[in-house]
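Undergrad: Provided herewith: work_1.cif, mmCIF, C-alpha atoms and all ligand atoms.
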data_structure
loop_
_atom_site.group_PDB
_atom_site.id
_atom_site.type_symbol
_atom_site.label_atom_id
_atom_site.label_comp_id
_atom_site.auth_asym_id
_atom_site.auth_seq_id
_atom_site.Cartn_x
_atom_site.Cartn_y
_atom_site.Cartn_z
ATOM 1 C CA MET O 18 0.000 0.000 0.000
ATOM 2 C CA LYS O 19 1.254 3.479 -0.874
ATOM 3 C CA VAL O 20 -0.267 6.424 0.975
ATOM 4 C CA THR O 21 0.040 9.947 -0.453
ATOM 5 C CA PRO O 22 -1.147 13.022 1.473
ATOM 6 C CA LEU O 23 -3.498 15.355 -0.417
ATOM 7 C CA ALA O 24 -3.903 19.128 -0.075
ATOM 8 C CA VAL O 25 -6.748 18.847 2.469
ATOM 9 C CA ASP O 26 -5.399 18.067 5.931
ATOM 10 C CA GLY O 27 -5.906 14.367 6.711
ATOM 11 C CA ALA O 28 -6.989 13.414 3.163
ATOM 12 C CA ARG O 29 -5.024 10.634 1.459
ATOM 13 C CA LEU O 30 -4.691 8.831 -1.840
ATOM 14 C CA ILE O 31 -4.220 5.139 -1.127
ATOM 15 C CA ALA O 32 -2.799 2.846 -3.783
ATOM 16 C CA SER O 33 -3.404 -0.827 -3.097
ATOM 17 C CA ILE O 34 -0.933 -3.417 -4.377
ATOM 18 C CA PRO O 35 -2.695 -5.612 -6.935
ATOM 19 C CA HIS O 36 -1.801 -9.291 -7.323
ATOM 20 C CA ASP O 37 -2.077 -10.420 -10.938
ATOM 21 C CA ASP O 38 -2.019 -13.997 -12.195
ATOM 22 C CA HIS O 39 -3.462 -16.007 -15.066
ATOM 23 C CA ARG O 40 -6.960 -15.786 -13.515
ATOM 24 C CA GLY O 41 -7.022 -12.040 -13.261
ATOM 25 C CA ARG O 42 -6.377 -9.771 -10.318
ATOM 26 C CA PHE O 43 -6.745 -9.656 -6.536
ATOM 27 C CA SER O 44 -6.593 -6.478 -4.472
ATOM 28 C CA ARG O 45 -7.878 -5.283 -1.104
ATOM 29 C CA LEU O 46 -10.610 -2.667 -1.257
ATOM 30 C CA PHE O 47 -10.332 -2.087 2.484
ATOM 31 C CA CYS O 48 -7.828 -3.325 5.047
ATOM 32 C CA ARG O 49 -8.233 -2.372 8.697
ATOM 33 C CA ALA O 50 -4.546 -3.004 9.461
ATOM 34 C CA TRP O 51 -3.422 -0.725 6.590
ATOM 35 C CA MET O 52 -5.804 1.993 7.747
ATOM 36 C CA GLN O 53 -4.478 1.740 11.308
ATOM 37 C CA GLN O 54 -0.844 1.781 10.109
ATOM 38 C CA ALA O 55 -1.569 4.964 8.140
ATOM 39 C CA GLY O 56 -3.304 6.593 11.138
ATOM 40 C CA LEU O 57 -6.692 6.643 9.382
ATOM 41 C CA ASP O 58 -10.067 5.910 10.948
ATOM 42 C CA PRO O 59 -10.821 2.251 10.104
ATOM 43 C CA THR O 60 -14.415 2.327 11.374
ATOM 44 C CA VAL O 61 -16.987 1.009 8.902
ATOM 45 C CA ALA O 62 -20.643 1.666 9.665
ATOM 46 C CA GLN O 63 -21.816 1.353 6.053
ATOM 47 C CA ILE O 64 -20.474 0.231 2.685
ATOM 48 C CA ASN O 65 -22.270 2.232 0.008
ATOM 49 C CA HIS O 66 -22.603 1.446 -3.689
ATOM 50 C CA SER O 67 -23.342 4.407 -5.944
ATOM 51 C CA GLN O 68 -24.244 3.792 -9.599
ATOM 52 C CA SER O 69 -24.582 6.616 -12.094
ATOM 53 C CA SER O 70 -25.715 5.988 -15.660
ATOM 54 C CA ALA O 71 -24.706 9.146 -17.472
ATOM 55 C CA PRO O 72 -21.266 10.674 -17.764
ATOM 56 C CA PHE O 73 -20.913 13.994 -15.948
ATOM 57 C CA THR O 74 -23.346 13.045 -13.184
ATOM 58 C CA LEU O 75 -22.502 15.076 -10.098
ATOM 59 C CA ARG O 76 -23.112 14.041 -6.485
ATOM 60 C CA GLY O 77 -22.064 16.506 -3.796
ATOM 61 C CA LEU O 78 -20.685 18.296 -2.026
ATOM 62 C CA HIS O 79 -22.000 16.527 1.078
ATOM 63 C CA TRP O 80 -21.018 16.141 4.703
ATOM 64 C CA GLN O 81 -22.585 15.120 7.981
ATOM 65 C CA ASP O 82 -22.229 16.987 11.283
ATOM 66 C CA GLN O 83 -21.033 15.650 14.584
ATOM 67 C CA PRO O 84 -21.764 13.434 16.420
ATOM 68 C CA HIS O 85 -21.956 11.495 13.144
ATOM 69 C CA ALA O 86 -19.284 13.163 10.992
ATOM 70 C CA GLU O 87 -18.211 10.524 8.474
ATOM 71 C CA ALA O 88 -14.771 9.470 7.310
ATOM 72 C CA LYS O 89 -15.041 7.744 3.912
ATOM 73 C CA LEU O 90 -12.860 5.497 1.803
ATOM 74 C CA VAL O 91 -13.892 5.969 -1.825
ATOM 75 C CA THR O 92 -13.132 3.557 -4.676
ATOM 76 C CA CYS O 93 -14.298 3.529 -8.297
ATOM 77 C CA LEU O 94 -15.103 0.009 -9.524
ATOM 78 C CA ALA O 95 -16.485 0.827 -12.976
ATOM 79 C CA GLY O 96 -16.004 3.823 -15.232
ATOM 80 C CA ALA O 97 -14.186 6.827 -13.821
ATOM 81 C CA ILE O 98 -14.834 9.749 -11.488
ATOM 82 C CA TYR O 99 -13.314 13.061 -10.511
ATOM 83 C CA ASP O 100 -13.418 12.904 -6.713
ATOM 84 C CA VAL O 101 -13.363 16.141 -4.714
ATOM 85 C CA ILE O 102 -12.835 16.967 -1.044
ATOM 86 C CA ALA O 103 -13.505 20.491 0.267
ATOM 87 C CA ASP O 104 -12.350 21.426 3.750
ATOM 88 C CA VAL O 105 -15.336 22.968 5.567
ATOM 89 C CA ARG O 106 -13.991 22.154 9.041
ATOM 90 C CA PRO O 107 -13.684 25.324 11.122
ATOM 91 C CA GLY O 108 -10.290 25.238 12.839
ATOM 92 C CA SER O 109 -8.706 22.890 10.301
ATOM 93 C CA PRO O 110 -5.218 23.973 9.141
ATOM 94 C CA SER O 111 -6.447 23.593 5.547
ATOM 95 C CA PHE O 112 -9.888 25.190 6.051
ATOM 96 C CA GLY O 113 -11.089 26.543 2.690
ATOM 97 C CA ALA O 114 -8.777 24.269 0.657
ATOM 98 C CA TRP O 115 -9.939 21.605 -1.768
ATOM 99 C CA CYS O 116 -8.304 18.698 -3.540
ATOM 100 C CA ALA O 117 -9.325 16.381 -6.353
ATOM 101 C CA VAL O 118 -8.233 13.005 -7.661
ATOM 102 C CA SER O 119 -9.353 11.127 -10.770
ATOM 103 C CA LEU O 120 -10.195 7.570 -9.836
ATOM 104 C CA ASP O 121 -10.757 4.943 -12.452
ATOM 105 C CA ALA O 122 -11.682 1.316 -12.303
ATOM 106 C CA GLY O 123 -8.641 -0.896 -12.567
ATOM 107 C CA ARG O 124 -6.140 1.505 -11.032
ATOM 108 C CA ASN O 125 -6.646 0.085 -7.509
ATOM 109 C CA GLU O 126 -6.667 3.471 -5.847
ATOM 110 C CA ALA O 127 -8.896 4.909 -3.150
ATOM 111 C CA VAL O 128 -9.387 8.331 -1.625
ATOM 112 C CA TYR O 129 -9.672 8.752 2.150
ATOM 113 C CA VAL O 130 -12.019 11.591 3.097
ATOM 114 C CA PRO O 131 -11.464 12.811 6.672
ATOM 115 C CA ALA O 132 -14.521 13.230 8.921
ATOM 116 C CA GLY O 133 -16.249 16.583 8.573
ATOM 117 C CA CYS O 134 -15.044 17.383 5.034
ATOM 118 C CA ALA O 135 -17.454 18.008 2.183
ATOM 119 C CA HIS O 136 -17.204 15.310 -0.480
ATOM 120 C CA GLY O 137 -18.490 14.927 -3.997
ATOM 121 C CA PHE O 138 -17.699 13.464 -7.359
ATOM 122 C CA LEU O 139 -18.369 13.932 -11.047
ATOM 123 C CA THR O 140 -18.573 10.804 -13.175
ATOM 124 C CA LEU O 141 -16.383 10.904 -16.263
ATOM 125 C CA MET O 142 -17.730 7.830 -18.043
ATOM 126 C CA PRO O 143 -21.124 6.144 -18.519
ATOM 127 C CA ASP O 144 -22.177 3.582 -15.921
ATOM 128 C CA SER O 145 -19.651 4.613 -13.307
ATOM 129 C CA GLN O 146 -19.835 2.741 -10.029
ATOM 130 C CA VAL O 147 -18.411 3.968 -6.757
ATOM 131 C CA VAL O 148 -18.103 1.932 -3.582
ATOM 132 C CA TYR O 149 -17.319 3.796 -0.382
ATOM 133 C CA THR O 150 -17.204 3.054 3.295
ATOM 134 C CA SER O 151 -18.662 5.431 5.809
ATOM 135 C CA SER O 152 -17.507 5.443 9.421
ATOM 136 C CA GLU O 153 -20.920 6.570 10.692
ATOM 137 C CA PRO O 154 -24.530 5.730 9.938
ATOM 138 C CA HIS O 155 -26.494 7.965 7.562
ATOM 139 C CA VAL O 156 -28.386 10.580 9.614
ATOM 140 C CA PRO O 157 -30.450 12.756 7.233
ATOM 141 C CA GLY O 158 -30.978 15.486 9.849
ATOM 142 C CA LEU O 159 -27.222 16.064 10.092
ATOM 143 C CA GLN O 160 -26.581 16.294 6.335
ATOM 144 C CA HIS O 161 -25.286 19.453 4.698
ATOM 145 C CA ILE O 162 -24.779 20.294 1.039
ATOM 146 C CA LEU O 163 -22.406 22.911 -0.310
ATOM 147 C CA ARG O 164 -22.880 24.007 -3.919
ATOM 148 C CA TRP O 165 -20.456 22.281 -6.258
ATOM 149 C CA ASP O 166 -19.567 25.647 -7.824
ATOM 150 C CA ASP O 167 -19.309 27.664 -4.621
ATOM 151 C CA PRO O 168 -17.276 30.734 -5.627
ATOM 152 C CA GLY O 169 -15.419 30.758 -2.269
ATOM 153 C CA PHE O 170 -13.864 27.352 -2.898
ATOM 154 C CA GLY O 171 -13.485 27.846 -6.650
ATOM 155 C CA ILE O 172 -13.193 24.130 -7.334
ATOM 156 C CA GLU O 173 -11.920 23.382 -10.828
ATOM 157 C CA TRP O 174 -14.105 20.681 -12.365
ATOM 158 C CA PRO O 175 -13.137 18.963 -15.621
ATOM 159 C CA ALA O 176 -16.660 19.549 -17.060
ATOM 160 C CA ARG O 177 -19.982 21.097 -16.086
ATOM 161 C CA PRO O 178 -22.373 18.579 -14.525
ATOM 162 C CA ALA O 179 -25.020 17.235 -16.914
ATOM 163 C CA VAL O 180 -27.086 15.378 -14.293
ATOM 164 C CA LEU O 181 -27.523 16.198 -10.609
ATOM 165 C CA SER O 182 -30.194 15.912 -7.916
ATOM 166 C CA ALA O 183 -32.538 18.820 -7.222
ATOM 167 C CA ALA O 184 -31.003 19.077 -3.737
ATOM 168 C CA ASP O 185 -27.494 19.406 -5.151
ATOM 169 C CA ARG O 186 -28.617 21.789 -7.910
ATOM 170 C CA ASP O 187 -30.370 24.096 -5.431
ATOM 171 C CA ALA O 188 -27.786 23.811 -2.645
ATOM 172 C CA PRO O 189 -26.580 27.005 -1.007
ATOM 173 C CA ASP O 190 -23.059 28.298 -1.392
ATOM 174 C CA ARG O 191 -20.878 29.030 1.619
ATOM 175 C CA GLU O 192 -22.447 32.443 2.135
ATOM 176 C CA GLY O 193 -25.972 30.993 2.025
ATOM 177 C CA LEU O 194 -25.042 28.208 4.433
ATOM 178 C CA GLY O 195 -23.578 30.765 6.842
ATOM 179 C CA LYS O 196 -26.724 32.930 6.668
ATOM 180 C CA SER O 197 -28.965 29.924 7.338
ATOM 181 C CA GLY O 198 -27.261 29.591 10.739
ATOM 182 C CA ALA O 199 -26.985 25.811 10.245
ATOM 183 C CA VAL O 200 -23.272 26.022 9.477
ATOM 184 C CA ARG O 201 -20.766 28.400 11.003
ATOM 185 C CA PHE O 202 -17.737 29.254 8.895
ATOM 186 C CA PRO O 203 -14.886 31.383 10.243
ATOM 187 C CA ASN O 204 -15.009 33.890 7.382
ATOM 188 C CA LYS O 205 -11.850 35.742 8.248
ATOM 189 C CA ASP O 206 -9.762 32.558 7.976
ATOM 190 C CA PHE O 207 -11.508 31.526 4.790
ATOM 191 C CA ASP O 208 -11.087 34.880 3.082
ATOM 192 C CA ALA O 209 -7.465 35.317 4.201
HETATM 193 C C1 LIG Z 301 -26.184 8.499 1.545
HETATM 194 C C2 LIG Z 301 -27.424 7.629 1.808
HETATM 195 C C3 LIG Z 301 -28.599 7.844 1.112
HETATM 196 N N1 LIG Z 301 -29.670 7.090 1.356
HETATM 197 C C4 LIG Z 301 -30.907 7.311 0.580
HETATM 198 C C5 LIG Z 301 -31.491 8.704 0.713
HETATM 199 C C6 LIG Z 301 -32.094 8.945 -0.646
HETATM 200 O O1 LIG Z 301 -33.409 8.434 -0.683
HETATM 201 C C7 LIG Z 301 -31.247 8.138 -1.594
HETATM 202 C C8 LIG Z 301 -30.228 8.989 -2.356
HETATM 203 O O2 LIG Z 301 -29.528 9.766 -1.415
HETATM 204 P P1 LIG Z 301 -28.617 10.999 -1.860
HETATM 205 O O3 LIG Z 301 -29.316 11.769 -2.915
HETATM 206 O O4 LIG Z 301 -28.195 11.721 -0.636
HETATM 207 O O5 LIG Z 301 -27.396 10.207 -2.502
HETATM 208 P P2 LIG Z 301 -26.003 10.806 -2.985
HETATM 209 O O6 LIG Z 301 -26.218 12.141 -3.597
HETATM 210 O O7 LIG Z 301 -25.331 9.776 -3.775
HETATM 211 O O8 LIG Z 301 -25.247 11.048 -1.596
HETATM 212 C C9 LIG Z 301 -23.917 10.660 -1.394
HETATM 213 O O9 LIG Z 301 -23.071 11.549 -2.115
HETATM 214 C C10 LIG Z 301 -21.672 11.305 -1.969
HETATM 215 C C11 LIG Z 301 -20.935 12.371 -2.734
HETATM 216 C C12 LIG Z 301 -21.247 11.154 -0.560
HETATM 217 O O10 LIG Z 301 -20.135 11.519 -0.164
HETATM 218 C C13 LIG Z 301 -22.154 10.395 0.336
HETATM 219 O O11 LIG Z 301 -21.817 10.565 1.695
HETATM 220 C C14 LIG Z 301 -23.607 10.706 0.105
HETATM 221 O O12 LIG Z 301 -23.906 11.990 0.635
HETATM 222 O O13 LIG Z 301 -30.589 7.160 -0.794
HETATM 223 C C15 LIG Z 301 -29.661 6.081 2.290
HETATM 224 O O14 LIG Z 301 -30.662 5.376 2.523
HETATM 225 N N2 LIG Z 301 -28.497 5.857 2.989
HETATM 226 C C16 LIG Z 301 -27.391 6.588 2.789
HETATM 227 O O15 LIG Z 301 -26.323 6.340 3.447
#
Would you write out, as structure tokens, the structure that this file holds?
TA:
Amino acid sequence: MKVTPLAVDGARLIASIPHDDHRGRFSRLFCRAWMQQAGLDPTVAQINHSQSSAPFTLRGLHWQDQPHAEAKLVTCLAGAIYDVIADVRPGSPSFGAWCAVSLDAGRNEAVYVPAGCAHGFLTLMPDSQVVYTSSEPHVPGLQHILRWDDPGFGIEWPARPAVLSAADRDAPDREGLGKSGAVRFPNKDFDA
């Protein structure tokens, strides 16, 4: 396993070592010991399977509040995605930063999303399938959505989304979230 830090504090790109033989390939999608060695949260409350038919389907940017903030380990098992993490954690050394990794099926890579970060992805191919662990159960009342094109974060996407949910399409940007009172952002740090 090779672990590479990403620009958001605590986020990692994890490359699993594949074992190839005449039958095909074996690799670990998740290994508790590897997660522990790398200092990552190995808790698994759910394993989620996300299937998107059309290319340029966007899901995100989502996160869940404490006490159920979720760490996620994200893998693409079919097609390809552009996976994005945005740091919305007040007090984080990388608050306001974002990072992105292209994941495609067959590369045996995964992205670790630290608890409390906003996460989303854009599919790059038809019929893309994403499998991801979540360290906490899904609690709809604790869910937040940040607009994918929030001007404060200025995330560079490889294409405009062609398909997205109404909730994601109508999601507030950072300013709107702050005004709603549901999310507190330390503006001075963000704008610095
Ligand atoms: C996430 C989730 C959704 N659902 C239900 C709620 C809803 O009826 C349906 C679709 O939910 P959503 O529209 O929220 O699905 P989706 O937009 O795919 O949400 C996911 O996006 C990615 C980017 C993430 O990081 C995930 O944590 C999650 O927020 O599935 C569950 O039952 N359990 C779950 O854990």
Undergrad: Give me the residues of chain O that have any atom at most 9 Å from an atom of ligand LIG 301 (chain Z); for each, the nearest atom pair and the distance in Å, rounded to one decimal. Use only C-alpha atoms and all ligand atoms, sort by chain and number, and format it as CSV.
TA:
residue,atom,partner,partner_atom,distance
O:Gln63,CA,Z:LIG301,O15,7.2
O:Ile64,CA,Z:LIG301,O15,8.5
O:Asn65,CA,Z:LIG301,O15,6.7
O:His66,CA,Z:LIG301,O7,8.8
O:Ser67,CA,Z:LIG301,O7,6.1
O:Gln68,CA,Z:LIG301,O7,8.4
O:Ser69,CA,Z:LIG301,O7,8.9
O:Leu75,CA,Z:LIG301,C11,8.0
O:Arg76,CA,Z:LIG301,O6,4.6
O:Gly77,CA,Z:LIG301,C11,4.4
O:Leu78,CA,Z:LIG301,C11,6.0
O:His79,CA,Z:LIG301,O12,4.9
O:Trp80,CA,Z:LIG301,O11,6.4
O:Gln81,CA,Z:LIG301,O11,7.8
O:Glu87,CA,Z:LIG301,O11,7.7
O:Lys89,CA,Z:LIG301,O10,7.5
O:Val91,CA,Z:LIG301,O10,8.5
O:Asp100,CA,Z:LIG301,C11,8.5
O:Val101,CA,Z:LIG301,C11,8.7
O:Val130,CA,Z:LIG301,O10,8.7
O:Ala135,CA,Z:LIG301,O10,7.4
O:His136,CA,Z:LIG301,O10,4.8
O:Gly137,CA,Z:LIG301,C11,3.8
O:Phe138,CA,Z:LIG301,C11,5.7
O:Leu139,CA,Z:LIG301,C11,8.8
O:Tyr149,CA,Z:LIG301,C13,8.2
O:Thr150,CA,Z:LIG301,O11,9.0
O:Ser151,CA,Z:LIG301,O11,7.3
O:Pro154,CA,Z:LIG301,O15,6.8
O:His155,CA,Z:LIG301,O15,4.4
O:Val156,CA,Z:LIG301,O15,7.8
O:Pro157,CA,Z:LIG301,C5,7.7
O:Gln160,CA,Z:LIG301,O12,7.6
O:His161,CA,Z:LIG301,O12,8.6
O:Ile162,CA,Z:LIG301,O12,8.4
O:Leu181,CA,Z:LIG301,O6,8.2
O:Ser182,CA,Z:LIG301,O3,6.6
O:Ala183,CA,Z:LIG301,O3,8.9
O:Ala184,CA,Z:LIG301,O3,7.5
O:Asp185,CA,Z:LIG301,O6,7.5
Undergrad: Report as JSON lines the residues of range 119-168 of chain O within 12 Å of range 107-110 of chain O, each with its shortest atom pair and distance in Å (one decimal), using all atoms listed in the file, ordered by chain and increasing residue number.
TA:
{"residue": "O:Pro131", "atom": "CA", "partner": "O:Ser109", "partner_atom": "CA", "distance": 11.1}
{"residue": "O:Ala132", "atom": "CA", "partner": "O:Ser109", "partner_atom": "CA", "distance": 11.4}
{"residue": "O:Gly133", "atom": "CA", "partner": "O:Pro107", "partner_atom": "CA", "distance": 9.5}
{"residue": "O:Cys134", "atom": "CA", "partner": "O:Ser109", "partner_atom": "CA", "distance": 9.9}
Undergrad: Against range 38-44 of chain O, which residues of range 82-174 of chain O fall within 12 Å? For each one I want the closest pair of atoms and the distance in Å (one decimal), counting all atoms listed in the file, rows by chain and increasing residue number, as a Markdown table.
TA:
| residue | atom | partner | partner_atom | distance |
| --- | --- | --- | --- | --- |
| O:Thr92 | CA | O:Ser44 | CA | 12.0 |
| O:Leu94 | CA | O:Ser44 | CA | 11.8 |
| O:Gly123 | CA | O:Arg42 | CA | 9.4 |
| O:Arg124 | CA | O:Ser44 | CA | 10.3 |
| O:Asn125 | CA | O:Ser44 | CA | 7.2 |
| O:Glu126 | CA | O:Ser44 | CA | 10.0 |
| O:Ala127 | CA | O:Ser44 | CA | 11.7 |
Undergrad: Could you spell out the hits of the PyMOL selection byres (((chain O and resi 96) around 8) and not hetatm) on the shown file, as a PDB file with C-alpha atoms, in the frame of the given file?
TA:
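For reference, result_36.pdb as written:
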ATOM      1  CA  CYS O  93     -14.298   3.529  -8.297  1.00  0.00           C
ATOM      2  CA  LEU O  94     -15.103   0.009  -9.524  1.00  0.00           C
ATOM      3  CA  ALA O  95     -16.485   0.827 -12.976  1.00  0.00           C
ATOM      4  CA  ALA O  97     -14.186   6.827 -13.821  1.00  0.00           C
ATOM      5  CA  ILE O  98     -14.834   9.749 -11.488  1.00  0.00           C
ATOM      6  CA  ASP O 121     -10.757   4.943 -12.452  1.00  0.00           C
ATOM      7  CA  ALA O 122     -11.682   1.316 -12.303  1.00  0.00           C
ATOM      8  CA  THR O 140     -18.573  10.804 -13.175  1.00  0.00           C
ATOM      9  CA  LEU O 141     -16.383  10.904 -16.263  1.00  0.00           C
ATOM     10  CA  MET O 142     -17.730   7.830 -18.043  1.00  0.00           C
ATOM     11  CA  PRO O 143     -21.124   6.144 -18.519  1.00  0.00           C
ATOM     12  CA  ASP O 144     -22.177   3.582 -15.921  1.00  0.00           C
ATOM     13  CA  SER O 145     -19.651   4.613 -13.307  1.00  0.00           C
ATOM     14  CA  GLN O 146     -19.835   2.741 -10.029  1.00  0.00           C
TER      15      GLN O 146
END
Undergrad: Expanded to explicit residues, what is the PyMOL selection byres (((chain O and resi 59) around 9) and not hetatm) for this file, as a PyMOL selection string?
TA: chain O and resi 47-53+56-58+60-61+88+152
Undergrad: Between CA of Leu46 in chain O and CA of Val105 in chain O, what is the distance in Å, rounded to a tenth?
TA: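 Straight-line distance from CA of Leu46 in chain O to CA of Val105 in chain O works out to 26.9 Å.
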Undergrad: Once the PyMOL selection byres (((chain O and resi 178) around 7) and not hetatm) has been evaluated on this model, what residues remain selected, and can you format them as an NGL selection string?
TA: :O and (73-75 or 176-177 or 179-181)
Undergrad: Find the spatial neighbours of Arg164 in chain O, counting all atoms listed in the file, within a cut-off of 6 Å - ignore same-chain residues fewer than 5 positions away - and output them as a PyMOL selection string.
TA: chain O and resi 188-190
Undergrad: What is the CA of Val148 in chain O to CA of Met18 in chain O distance in Å?
TA: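 Those two atoms sit 18.6 Å apart.
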Undergrad: Could you check how far CA of Gln54 in chain O sits from CA of Asp82 in chain O, in Å to one decimal?
TA: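 Straight-line distance from CA of Gln54 in chain O to CA of Asp82 in chain O works out to 26.3 Å.
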Undergrad: May I ask which of the residues O:Leu159, O:Ile172, O:Val147, O:Val118 is the closest one to Pro84 in chain O, counting all atoms listed in the file?
TA: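 Closest to Pro84 in chain O of all the choices is O:Leu159.
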Undergrad: Using only C-alpha atoms, what residues lie at most 9 Å away from (-17.8, 26.8, 0.6) (file coordinates), given as a list in words?
TA: Ala103, Asp104, Val105, Gly113, Ala135, Leu163, Arg164, Trp165, Asp166, Asp167, Pro168, Gly169, Phe170, Gly171, Pro189, Asp190, Arg191, Glu192, Leu194, Phe202 and Phe207 of chain O
Undergrad: Using only C-alpha atoms, find the one residue out of O:Ala55, O:Ala32, O:Pro72, O:Arg106 that sits nearest to Val200 in chain O.
TA: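 Of all the options, O:Arg106 lies closest to Val200 in chain O.
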Undergrad: Under the rule that all atoms listed in the file are counted, which of O:Ala71, O:Cys116, O:Leu90, O:Ile34 is the nearest residue to Pro22 in chain O?
TA: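 Using all atoms listed in the file, the shortest distance to Pro22 in chain O belongs to O:Cys116.
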Undergrad: In terms of the shortest atom-to-atom distance over only C-alpha atoms, which of O:Ser111, O:Val128, O:Ser119, O:Ala86 is closest to Arg29 in chain O?
TA: O:Val128
